[in-house]
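upload.cif follows (mmCIF, C-alpha atoms):
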```cif
data_upload
loop_
_atom_site.label_atom_id
_atom_site.label_comp_id
_atom_site.auth_asym_id
_atom_site.auth_seq_id
_atom_site.Cartn_x
_atom_site.Cartn_y
_atom_site.Cartn_z
CA MET A 1154 -152.59 83.29 -99.38
CA LYS A 1155 -153.81 82.04 -95.97
CA LYS A 1156 -156.75 84.10 -94.71
CA HIS A 1157 -157.66 84.41 -91.06
CA LEU A 1158 -160.01 86.37 -88.91
CA LEU A 1159 -157.63 88.61 -86.94
CA SER A 1160 -159.79 88.57 -83.83
CA LYS A 1161 -159.21 84.80 -83.52
CA VAL A 1162 -155.44 84.80 -83.85
CA PHE A 1163 -154.68 85.91 -80.28
CA VAL A 1164 -156.99 83.26 -78.83
CA VAL A 1165 -155.47 80.46 -80.91
CA VAL A 1166 -151.88 81.44 -80.18
CA LEU A 1167 -152.50 81.93 -76.45
CA SER A 1168 -154.29 78.63 -76.04
CA CYS A 1169 -151.51 76.79 -77.90
CA ALA A 1170 -148.84 78.43 -75.79
CA LEU A 1171 -150.58 77.44 -72.55
CA ILE A 1172 -151.01 73.88 -73.74
CA LEU A 1173 -147.55 73.28 -75.03
CA VAL A 1174 -145.01 74.83 -72.70
CA GLY A 1175 -142.02 72.51 -72.57
CA CYS A 1176 -143.29 70.22 -75.30
CA GLY A 1177 -142.49 72.15 -78.46
CA THR A 1178 -143.50 75.38 -80.05
CA ALA A 1179 -146.87 76.53 -81.23
CA PRO A 1180 -146.25 79.01 -84.04
CA SER A 1181 -149.01 81.32 -85.10
CA SER A 1182 -149.86 81.55 -88.76
CA PRO A 1183 -149.37 84.89 -90.48
CA ALA A 1184 -152.58 86.68 -91.25
CA SER A 1185 -152.72 87.85 -94.83
CA GLY A 1186 -156.22 89.21 -94.94
CA THR A 1187 -159.67 88.27 -93.71
CA SER A 1188 -162.33 85.91 -94.95
CA THR A 1189 -165.29 86.71 -92.73
CA ASP A 1190 -167.75 84.31 -94.33
CA ASN A 1191 -165.45 81.29 -94.10
CA ALA A 1192 -163.82 82.18 -90.80
CA LYS A 1193 -167.21 82.27 -89.07
CA LYS A 1194 -168.38 78.95 -90.47
CA ASN A 1195 -167.02 76.39 -87.99
CA PRO A 1196 -164.98 78.12 -85.28
CA ASN A 1197 -166.00 75.53 -82.68
CA PHE A 1198 -164.58 72.67 -84.75
CA LYS A 1199 -161.03 72.41 -83.47
CA VAL A 1200 -158.19 70.64 -85.29
CA ALA A 1201 -154.68 70.15 -83.91
CA LEU A 1202 -151.56 69.22 -85.88
CA VAL A 1203 -148.63 67.63 -84.05
CA THR A 1204 -145.45 67.46 -86.13
CA ASP A 1205 -142.65 65.01 -85.64
CA VAL A 1206 -139.15 66.19 -84.76
CA GLY A 1207 -138.50 67.38 -88.32
CA GLY A 1208 -140.70 70.43 -87.72
CA LEU A 1209 -142.68 72.63 -90.09
CA ASN A 1210 -139.57 73.89 -91.87
CA ASP A 1211 -138.62 70.45 -93.21
CA LYS A 1212 -139.98 71.53 -96.64
CA SER A 1213 -141.36 68.00 -96.74
CA PHE A 1214 -143.99 65.94 -94.93
CA ASN A 1215 -144.67 68.17 -91.89
CA PHE A 1216 -144.78 71.18 -94.20
CA LEU A 1217 -147.30 69.47 -96.46
CA ALA A 1218 -149.57 68.27 -93.66
CA ASN A 1219 -149.71 71.82 -92.35
CA LYS A 1220 -150.74 73.08 -95.79
CA GLY A 1221 -153.78 70.84 -95.59
CA VAL A 1222 -154.71 72.23 -92.17
CA GLU A 1223 -154.24 75.80 -93.37
CA LYS A 1224 -156.49 75.12 -96.35
CA ALA A 1225 -159.16 73.77 -94.00
CA GLU A 1226 -158.88 76.89 -91.86
CA LYS A 1227 -159.26 79.10 -94.91
CA GLU A 1228 -162.02 77.22 -96.72
CA LEU A 1229 -163.93 75.51 -93.91
CA GLY A 1230 -163.47 78.07 -91.16
CA ILE A 1231 -162.22 75.59 -88.56
CA THR A 1232 -160.01 76.58 -85.62
CA LYS A 1233 -156.49 75.16 -85.79
CA SER A 1234 -153.57 74.73 -83.41
CA ILE A 1235 -150.10 73.48 -84.29
CA VAL A 1236 -147.24 72.18 -82.18
CA GLU A 1237 -143.76 71.25 -83.36
CA SER A 1238 -142.42 68.35 -81.31
CA LYS A 1239 -138.81 68.88 -80.29
CA GLN A 1240 -138.09 65.30 -79.30
CA MET A 1241 -139.82 61.94 -79.68
CA THR A 1242 -140.82 61.91 -76.02
CA ASP A 1243 -143.05 64.92 -76.74
CA TYR A 1244 -145.40 62.98 -78.99
CA GLU A 1245 -147.64 61.40 -76.37
CA THR A 1246 -147.77 64.56 -74.26
CA ASN A 1247 -148.67 66.81 -77.18
CA LEU A 1248 -151.38 64.49 -78.50
CA SER A 1249 -152.85 63.97 -75.02
CA ARG A 1250 -153.15 67.64 -74.19
CA PHE A 1251 -155.13 68.38 -77.33
CA ALA A 1252 -157.42 65.42 -76.60
CA GLU A 1253 -157.89 66.65 -73.02
CA GLN A 1254 -159.00 70.00 -74.43
CA LYS A 1255 -161.60 68.14 -76.49
CA TYR A 1256 -160.26 68.93 -79.94
CA ASN A 1257 -162.43 67.34 -82.59
CA LEU A 1258 -159.52 65.98 -84.62
CA VAL A 1259 -155.87 65.52 -83.66
CA ILE A 1260 -153.42 64.86 -86.52
CA ALA A 1261 -150.12 63.06 -85.91
CA VAL A 1262 -147.54 63.49 -88.66
CA GLY A 1263 -145.40 60.47 -89.24
CA PHE A 1264 -144.67 56.79 -88.73
CA LEU A 1265 -142.68 57.55 -85.58
CA MET A 1266 -145.88 58.53 -83.76
CA HIS A 1267 -147.42 55.05 -83.99
CA ASP A 1268 -147.03 54.08 -80.32
CA ALA A 1269 -148.16 57.48 -79.06
CA VAL A 1270 -151.29 57.48 -81.23
CA GLU A 1271 -152.17 53.91 -80.25
CA LYS A 1272 -151.95 54.78 -76.55
CA VAL A 1273 -153.63 58.19 -76.65
CA SER A 1274 -156.45 57.13 -78.98
CA LYS A 1275 -157.34 54.35 -76.55
CA THR A 1276 -157.31 56.74 -73.59
CA TYR A 1277 -159.50 59.27 -75.43
CA PRO A 1278 -162.00 57.21 -77.49
CA ASP A 1279 -164.26 60.21 -78.09
CA THR A 1280 -161.50 62.15 -79.87
CA LYS A 1281 -160.82 61.47 -83.54
CA PHE A 1282 -157.22 61.02 -84.62
CA MET A 1283 -155.42 60.91 -87.95
CA ILE A 1284 -151.96 59.42 -88.37
CA ILE A 1285 -149.96 59.97 -91.52
CA ASP A 1286 -147.60 57.33 -92.97
CA ASP A 1287 -148.62 54.55 -90.60
CA SER A 1288 -151.43 52.05 -90.20
CA ILE A 1289 -153.61 51.80 -87.10
CA ASN A 1290 -156.68 50.01 -88.40
CA ASP A 1291 -158.26 48.52 -85.27
CA ARG A 1292 -159.57 51.75 -83.71
CA PRO A 1293 -162.89 53.34 -84.66
CA ASN A 1294 -161.46 56.79 -83.86
CA VAL A 1295 -158.24 56.59 -85.93
CA ALA A 1296 -157.83 57.23 -89.67
CA SER A 1297 -154.53 56.20 -91.24
CA ALA A 1298 -153.27 57.88 -94.42
CA LEU A 1299 -150.91 55.65 -96.38
CA PHE A 1300 -149.10 56.39 -99.64
CA LYS A 1301 -147.72 53.98 -102.24
CA THR A 1302 -144.54 55.98 -102.65
CA GLU A 1303 -142.72 53.04 -104.17
CA GLN A 1304 -144.68 53.94 -107.33
CA CYS A 1305 -143.43 57.52 -107.70
CA GLY A 1306 -140.02 56.39 -106.42
CA TYR A 1307 -139.91 53.96 -109.35
CA LEU A 1308 -140.61 56.74 -111.84
CA VAL A 1309 -137.91 59.12 -110.60
CA GLY A 1310 -135.53 56.16 -110.44
CA MET A 1311 -136.28 55.50 -114.11
CA MET A 1312 -135.44 59.11 -114.82
CA ALA A 1313 -132.11 58.84 -113.04
CA GLY A 1314 -131.21 55.61 -114.81
CA LEU A 1315 -132.17 56.91 -118.24
CA MET A 1316 -130.26 60.14 -117.76
CA GLU A 1317 -127.13 58.20 -116.87
CA LYS A 1318 -127.22 56.27 -120.15
CA THR A 1319 -128.36 59.11 -122.44
CA GLN A 1320 -125.68 60.90 -124.43
CA GLY A 1321 -125.48 64.67 -124.16
CA VAL A 1322 -127.24 65.08 -120.79
CA PRO A 1323 -125.44 67.81 -118.81
CA ASN A 1324 -123.69 67.18 -115.50
CA MET A 1325 -123.19 63.45 -116.13
CA SER A 1326 -119.69 62.23 -115.21
CA GLY A 1327 -119.94 58.95 -117.09
CA LYS A 1328 -119.52 56.78 -113.98
CA ASN A 1329 -123.06 55.38 -114.28
CA THR A 1330 -123.70 56.04 -110.59
CA ILE A 1331 -126.60 57.58 -108.71
CA GLY A 1332 -127.25 58.08 -105.00
CA VAL A 1333 -130.05 58.11 -102.46
CA VAL A 1334 -129.90 59.46 -98.92
CA GLY A 1335 -132.53 58.24 -96.48
CA GLY A 1336 -133.40 59.48 -93.03
CA MET A 1337 -134.43 56.67 -90.70
CA GLU A 1338 -134.77 53.14 -92.06
CA ILE A 1339 -138.55 53.00 -91.75
CA PRO A 1340 -141.25 52.16 -94.33
CA PRO A 1341 -142.14 55.75 -95.35
CA VAL A 1342 -138.47 56.10 -96.32
CA THR A 1343 -137.62 52.62 -97.58
CA ASP A 1344 -140.71 52.42 -99.81
CA TYR A 1345 -139.50 55.41 -101.81
CA ILE A 1346 -135.99 53.96 -101.99
CA ALA A 1347 -137.19 50.50 -103.04
CA GLY A 1348 -139.07 52.02 -105.95
CA TYR A 1349 -136.16 54.28 -106.89
CA ILE A 1350 -133.71 51.41 -107.17
CA GLN A 1351 -136.16 49.20 -109.07
CA GLY A 1352 -136.92 52.01 -111.51
CA ALA A 1353 -133.26 52.77 -112.17
CA LYS A 1354 -132.37 49.12 -112.69
CA SER A 1355 -135.37 48.54 -114.95
CA VAL A 1356 -133.74 50.75 -117.57
CA ASP A 1357 -130.08 50.17 -116.66
CA PRO A 1358 -129.40 46.86 -114.85
CA ASN A 1359 -125.72 47.72 -114.46
CA ILE A 1360 -126.19 51.08 -112.78
CA THR A 1361 -124.49 51.60 -109.41
CA VAL A 1362 -126.70 52.96 -106.63
CA LYS A 1363 -125.13 54.45 -103.50
CA LEU A 1364 -127.47 54.17 -100.51
CA ASN A 1365 -126.94 55.68 -97.07
CA TYR A 1366 -129.19 56.40 -94.09
CA THR A 1367 -128.50 59.31 -91.78
CA GLY A 1368 -130.77 58.16 -88.97
CA LYS A 1369 -132.16 61.69 -88.65
CA PHE A 1370 -134.79 63.94 -90.20
CA ASP A 1371 -133.55 67.20 -88.73
CA ASP A 1372 -129.83 67.43 -89.51
CA PRO A 1373 -129.11 69.22 -92.82
CA ALA A 1374 -125.35 69.25 -92.13
CA LEU A 1375 -125.30 65.45 -91.89
CA GLY A 1376 -127.41 65.21 -95.05
CA LYS A 1377 -124.94 67.38 -96.91
CA GLN A 1378 -121.95 65.41 -95.66
CA THR A 1379 -123.57 62.12 -96.70
CA ALA A 1380 -124.46 63.39 -100.16
CA LEU A 1381 -120.98 64.85 -100.72
CA SER A 1382 -119.57 61.39 -100.04
CA GLN A 1383 -121.86 59.85 -102.66
CA ILE A 1384 -121.03 62.56 -105.17
CA ALA A 1385 -117.31 62.00 -104.58
CA ALA A 1386 -117.93 58.34 -105.41
CA GLY A 1387 -119.38 59.32 -108.79
CA ALA A 1388 -123.09 59.96 -108.17
CA ASP A 1389 -124.45 62.44 -110.72
CA ILE A 1390 -127.98 62.42 -109.27
CA VAL A 1391 -128.89 62.19 -105.57
CA PHE A 1392 -132.40 61.48 -104.32
CA GLN A 1393 -133.17 62.73 -100.82
CA VAL A 1394 -135.69 60.89 -98.64
CA ALA A 1395 -134.72 62.47 -95.35
CA GLY A 1396 -137.11 65.28 -94.43
CA GLY A 1397 -135.26 68.32 -93.10
CA THR A 1398 -131.96 66.43 -93.31
CA GLY A 1399 -132.55 66.23 -97.05
CA THR A 1400 -132.21 69.97 -97.53
CA GLY A 1401 -128.50 69.39 -96.94
CA VAL A 1402 -128.52 66.77 -99.70
CA ILE A 1403 -129.87 69.35 -102.12
CA ASP A 1404 -127.25 71.86 -100.94
CA ALA A 1405 -124.49 69.34 -101.68
CA ALA A 1406 -125.82 68.69 -105.18
CA LYS A 1407 -126.03 72.42 -105.88
CA GLU A 1408 -122.49 72.99 -104.60
CA LYS A 1409 -121.01 70.19 -106.72
CA LYS A 1410 -123.13 71.00 -109.78
CA VAL A 1411 -124.88 67.65 -109.98
CA PHE A 1412 -128.62 66.98 -109.92
CA ALA A 1413 -130.94 66.30 -106.99
CA ILE A 1414 -134.40 64.78 -106.76
CA GLY A 1415 -136.74 66.16 -104.10
CA VAL A 1416 -139.26 64.28 -101.99
CA ASP A 1417 -142.82 64.61 -100.68
CA ALA A 1418 -143.36 68.21 -101.87
CA ASP A 1419 -142.19 69.98 -105.02
CA GLN A 1420 -138.71 71.06 -103.88
CA ASN A 1421 -137.52 72.71 -107.07
CA TYR A 1422 -137.78 76.12 -105.41
CA VAL A 1423 -135.07 75.08 -102.94
CA ALA A 1424 -132.52 74.96 -105.79
CA PRO A 1425 -134.18 75.69 -109.16
CA GLU A 1426 -131.26 74.61 -111.37
CA THR A 1427 -130.47 71.54 -109.27
CA VAL A 1428 -133.72 69.78 -108.32
CA ILE A 1429 -134.80 68.22 -111.60
CA THR A 1430 -138.02 66.70 -110.22
CA SER A 1431 -139.57 65.60 -106.95
CA ALA A 1432 -141.34 62.37 -106.00
CA THR A 1433 -144.43 63.65 -104.24
CA LYS A 1434 -147.25 62.46 -102.04
CA ALA A 1435 -150.39 64.48 -101.51
CA MET A 1436 -150.31 64.72 -97.74
CA ASP A 1437 -151.93 68.14 -97.88
CA VAL A 1438 -154.88 66.71 -99.81
CA ALA A 1439 -155.20 63.73 -97.47
CA THR A 1440 -155.12 65.97 -94.40
CA TYR A 1441 -157.72 68.37 -95.77
CA ASP A 1442 -159.99 65.52 -96.87
CA VAL A 1443 -159.97 63.88 -93.42
CA ILE A 1444 -160.67 67.21 -91.72
CA LYS A 1445 -163.62 67.86 -94.04
CA ALA A 1446 -164.96 64.34 -93.54
CA ALA A 1447 -164.77 64.72 -89.76
CA LEU A 1448 -166.50 68.09 -89.97
CA ASP A 1449 -169.27 66.59 -92.14
CA ASN A 1450 -169.73 63.62 -89.76
CA GLN A 1451 -168.34 61.30 -92.43
CA PHE A 1452 -165.07 60.40 -90.69
CA LYS A 1453 -163.84 56.93 -91.70
CA SER A 1454 -161.41 55.00 -89.56
CA GLY A 1455 -158.88 52.49 -90.88
CA ASN A 1456 -156.50 52.71 -93.81
CA LEU A 1457 -156.92 55.37 -96.49
CA MET A 1458 -154.68 54.51 -99.45
CA PHE A 1459 -153.23 57.06 -101.86
CA ASP A 1460 -151.46 56.01 -105.08
CA LEU A 1461 -150.96 56.93 -108.73
CA ASN A 1462 -154.55 56.07 -109.57
CA ASN A 1463 -156.05 58.67 -107.26
CA ASN A 1464 -153.19 61.18 -107.66
CA GLY A 1465 -151.99 60.46 -104.14
CA VAL A 1466 -148.42 60.12 -105.41
CA ALA A 1467 -146.76 61.64 -108.49
CA PHE A 1468 -143.64 63.30 -109.84
CA THR A 1469 -143.35 66.99 -110.59
CA SER A 1470 -142.69 68.46 -114.02
CA PRO A 1471 -138.99 67.87 -114.76
CA LEU A 1472 -136.51 70.57 -115.67
CA LYS A 1473 -135.60 71.11 -119.32
CA ALA A 1474 -132.32 69.32 -118.59
CA VAL A 1475 -134.35 66.10 -118.69
CA PRO A 1476 -134.88 65.06 -122.34
CA GLN A 1477 -138.52 64.84 -123.40
CA ASP A 1478 -138.03 61.23 -124.48
CA ILE A 1479 -137.20 60.32 -120.88
CA VAL A 1480 -140.30 62.12 -119.63
CA ASN A 1481 -142.39 60.23 -122.19
CA GLN A 1482 -141.00 56.93 -120.95
CA MET A 1483 -141.81 57.89 -117.37
CA ASN A 1484 -145.37 58.78 -118.32
CA ASP A 1485 -145.76 55.46 -120.13
CA ALA A 1486 -144.44 53.59 -117.09
CA ALA A 1487 -146.88 55.48 -114.85
CA LYS A 1488 -149.72 54.31 -117.10
CA GLN A 1489 -148.51 50.73 -116.87
CA ILE A 1490 -148.29 50.92 -113.08
CA LYS A 1491 -151.87 52.20 -112.93
CA GLU A 1492 -152.98 49.33 -115.18
CA GLY A 1493 -151.11 46.76 -113.10
CA LYS A 1494 -148.70 45.86 -115.89
CA ILE A 1495 -145.73 47.05 -113.84
CA LYS A 1496 -145.76 45.98 -110.20
CA VAL A 1497 -143.44 47.81 -107.85
CA SER A 1498 -142.28 46.11 -104.66
CA THR A 1499 -141.62 47.77 -101.31
CA GLN A 1500 -138.60 45.50 -100.86
CA ILE A 1501 -135.23 47.11 -101.55
CA PRO A 1502 -133.28 45.08 -104.14
CA LYS A 1503 -129.81 43.86 -103.28
CA LEU A 1504 -127.16 46.32 -104.34
#
```
For this file, write the structure as structure tokens.
Amino acid sequence: MKKHLLSKVFVVVLSCALILVGCGTAPSSPASGTSTDNAKKNPNFKVALVTDVGGLNDKSFNFLANKGVEKAEKELGITKSIVESKQMTDYETNLSRFAEQKYNLVIAVGFLMHDAVEKVSKTYPDTKFMIIDDSINDRPNVASALFKTEQCGYLVGMMAGLMEKTQGVPNMSGKNTIGVVGGMEIPPVTDYIAGYIQGAKSVDPNITVKLNYTGKFDDPALGKQTALSQIAAGADIVFQVAGGTGTGVIDAAKEKKVFAIGVDADQNYVAPETVITSATKAMDVATYDVIKAALDNQFKSGNLMFDLNNNGVAFTSPLKAVPQDIVNQMNDAAKQIKEGKIKVSTQIPKL
């Protein structure tokens, strides 16, 4: 699906490898054909993507951001480089080296890169930066993509609450309990969770919600262990908000034949009979849009907000195990959120 000019691949991979020794890996993208017209459009416009420690295989936010870069490579003909940070101390080094090489746009994936982006963007004022899931709004060379994930969190929380109280739904134990496993206790995680709990309690005030943080985004085994504990305590549905750690949450749900809710991207493919829906944010769209704006000399610094109204957040089509009446109620609630009739807080309710 991703088209590249083969004669460019060696140059991109070699340059990334020279830049990033000791600071992560710089995987090359598989070539699946050529697109001569597009690939020749803007080869001198260079975009770099720096992941957080979760890496490209998190099936979540790093994965999605990379999709946006790949789309820009295919459709706009830009030159891209990618580095997967192996530890948090890599962030500043990785961002700086791309800026030193005069990349036009350097993209930092994740809230945890705040300090690194603040420092590096000040050192390299002529380089444009994008940070995802954090706000740096006092720099003319930094765009910040923010997502109102409490909104889609609310909707999937409604689904979980309604399924618990609906007769005849499969895989329900009758303990009126759901779970949520977070990675680190930071806003991109807690916003989802705040919405999830509010949504569940809006339809079932007496529902029990099990909440645990793993403190990691790259430990599937810990995610699985945490989810198994919640399932043992009666959770019939577990929502993962933990990046790569969350793949273990889905594994636990599959193993114990309960349901899981995915996050960021559509994660149904990870376990098709288990992941009933995913709360999503369009990080791929945001990334592509900022690249195109920078290419067109229309780069805008400051906060760029994505929500239900501009399709920046959503939920994916639920499995047939979810009764249509529940889906209808979710769609109605989404309409009310857009109209301002339902206001969702980013504060986690007391459990």
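Within 8 Å of Val1428 of chain A, once only C-alpha atoms are used and residues closer than 2 positions along the same chain are dropped, the contacting residues are Ile1403, Phe1412, Ala1413, Ile1414, Gly1415, Gln1420, Asn1421, Val1423, Ala1424, Pro1425, Glu1426, Thr1430, Ser1431 and Leu1472 of chain A.
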Grab the residues selected above and save them as a compact mmCIF listing (two decimals), keeping the file's coordinate frame with C-alpha atoms.
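The result, stored in part-v4.txt:
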```txt
# COMPACT_ATOMS: atom_id res chain seq x y z
CA ILE A 1403 -129.87 69.35 -102.12
CA PHE A 1412 -128.62 66.98 -109.92
CA ALA A 1413 -130.94 66.30 -106.99
CA ILE A 1414 -134.40 64.78 -106.76
CA GLY A 1415 -136.74 66.16 -104.10
CA GLN A 1420 -138.71 71.06 -103.88
CA ASN A 1421 -137.52 72.71 -107.07
CA VAL A 1423 -135.07 75.08 -102.94
CA ALA A 1424 -132.52 74.96 -105.79
CA PRO A 1425 -134.18 75.69 -109.16
CA GLU A 1426 -131.26 74.61 -111.37
CA THR A 1430 -138.02 66.70 -110.22
CA SER A 1431 -139.57 65.60 -106.95
CA LEU A 1472 -136.51 70.57 -115.67
```
Practice problem: Give the answer as one residue: which of A:Ala1313, A:Ala1347, A:Ala1225, A:Val1443 has the shortest atom-to-atom distance to Val1391 of chain A, using all atoms listed in the file? | Solution: A:Ala1313
Practice problem: Just say which residues the PyMOL selection byres ((chain A and resi 1401) around 10) picks in this file, as an MDAnalysis selection string. | Solution: chainID A and resid 1371:1381 1393 1395:1400 1402:1407
Quiz prompt | Nearby residues (only C-alpha atoms) at most 12 Å from segment 1248-1253 of chain A, same-chain spacing under 6 positions excluded, as a ChimeraX atom specification | solution = /A:1168-1174,1176-1177,1199-1205,1233-1238,1241-1242,1259-1262,1266-1284,1294
Quiz item: Evaluating the PyMOL selection byres ((chain A and resi 1333-1338) around 7) on the displayed file yields which residues, as a PyMOL selection string?
Solution: chain A and resi 1332+1339-1340+1342-1343+1363-1370+1380+1391-1395
How would the residues just chosen look if you wrote them out with C-alpha atoms as a tab-separated table (two decimals), keeping the file's coordinate frame?
```tsv
chain	number	residue	atom	x	y	z
A	1332	GLY	CA	-127.25	58.08	-105.00
A	1339	ILE	CA	-138.55	53.00	-91.75
A	1340	PRO	CA	-141.25	52.16	-94.33
A	1342	VAL	CA	-138.47	56.10	-96.32
A	1343	THR	CA	-137.62	52.62	-97.58
A	1363	LYS	CA	-125.13	54.45	-103.50
A	1364	LEU	CA	-127.47	54.17	-100.51
A	1365	ASN	CA	-126.94	55.68	-97.07
A	1366	TYR	CA	-129.19	56.40	-94.09
A	1367	THR	CA	-128.50	59.31	-91.78
A	1368	GLY	CA	-130.77	58.16	-88.97
A	1369	LYS	CA	-132.16	61.69	-88.65
A	1370	PHE	CA	-134.79	63.94	-90.20
A	1380	ALA	CA	-124.46	63.39	-100.16
A	1391	VAL	CA	-128.89	62.19	-105.57
A	1392	PHE	CA	-132.40	61.48	-104.32
A	1393	GLN	CA	-133.17	62.73	-100.82
A	1394	VAL	CA	-135.69	60.89	-98.64
A	1395	ALA	CA	-134.72	62.47	-95.35
```
Quiz prompt | Selection result for the PyMOL selection byres ((chain A and resi 1351) around 12) on this file, as a ChimeraX atom specification | solution = /A:1303-1314,1344-1350,1352-1362,1495-1504
Quiz prompt | Among listed residues A:Phe1468, A:Phe1452, A:Phe1198, A:Phe1216, nearest Ala1432 of chain A (using all atoms listed in the file) | solution = A:Phe1468
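Relative to atom CA of Ser1213 of chain A, atom CA of Leu1299 of chain A is found at 15.6 Å.
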Exercise. State, in Å with one decimal place, the distance from atom CA of Ala1487 of chain A to atom CA of Gly1465 of chain A.
Key: 12.9 Å
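In this model, the gap between atom CA of Met1316 of chain A and atom CA of Lys1494 of chain A comes to 23.4 Å.
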Self-check item: Contacts of Pro1471 of chain A within 8 Å, all atoms listed in the file, excl. fewer than 3 positions in-chain, as a ChimeraX atom specification
Solution: /A:1429-1430,1474-1475,1480
Practice problem: May I have the residues within 8 Å of Glu1317 of chain A as a PyMOL selection string, using all atoms listed in the file and disregarding those fewer than 5 positions away in the same chain? | Solution: chain A and resi 1322+1325+1327+1329-1330+1389
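Using only C-alpha atoms, the shortest contact distance between Gln1477 of chain A and any of A:Asp1291, A:Thr1319, A:Ala1418, A:Gly1207 is found at A:Thr1319.
Using all atoms listed in the file, the nearest neighbour of Gln1489 of chain A within the list A:Asp1437, A:Leu1461, A:Leu1209, A:Ala1385 is A:Leu1461.
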Exercise. Return the single residue from A:Ser1454, A:Asn1247, A:Asn1481, A:Asn1257 that is closest to Ile1231 of chain A, with distances computed using only C-alpha atoms.
Key: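 Looking at the shortest contact to Ile1231 of chain A, the residue is A:Asn1257.
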Quiz item: Which is closer to Tyr1244 of chain A than all the others in A:Gly1221, A:Val1206, A:Phe1459, A:Lys1318, using all atoms listed in the file?
Solution: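 Result for the nearest residue to Tyr1244 of chain A: A:Val1206.
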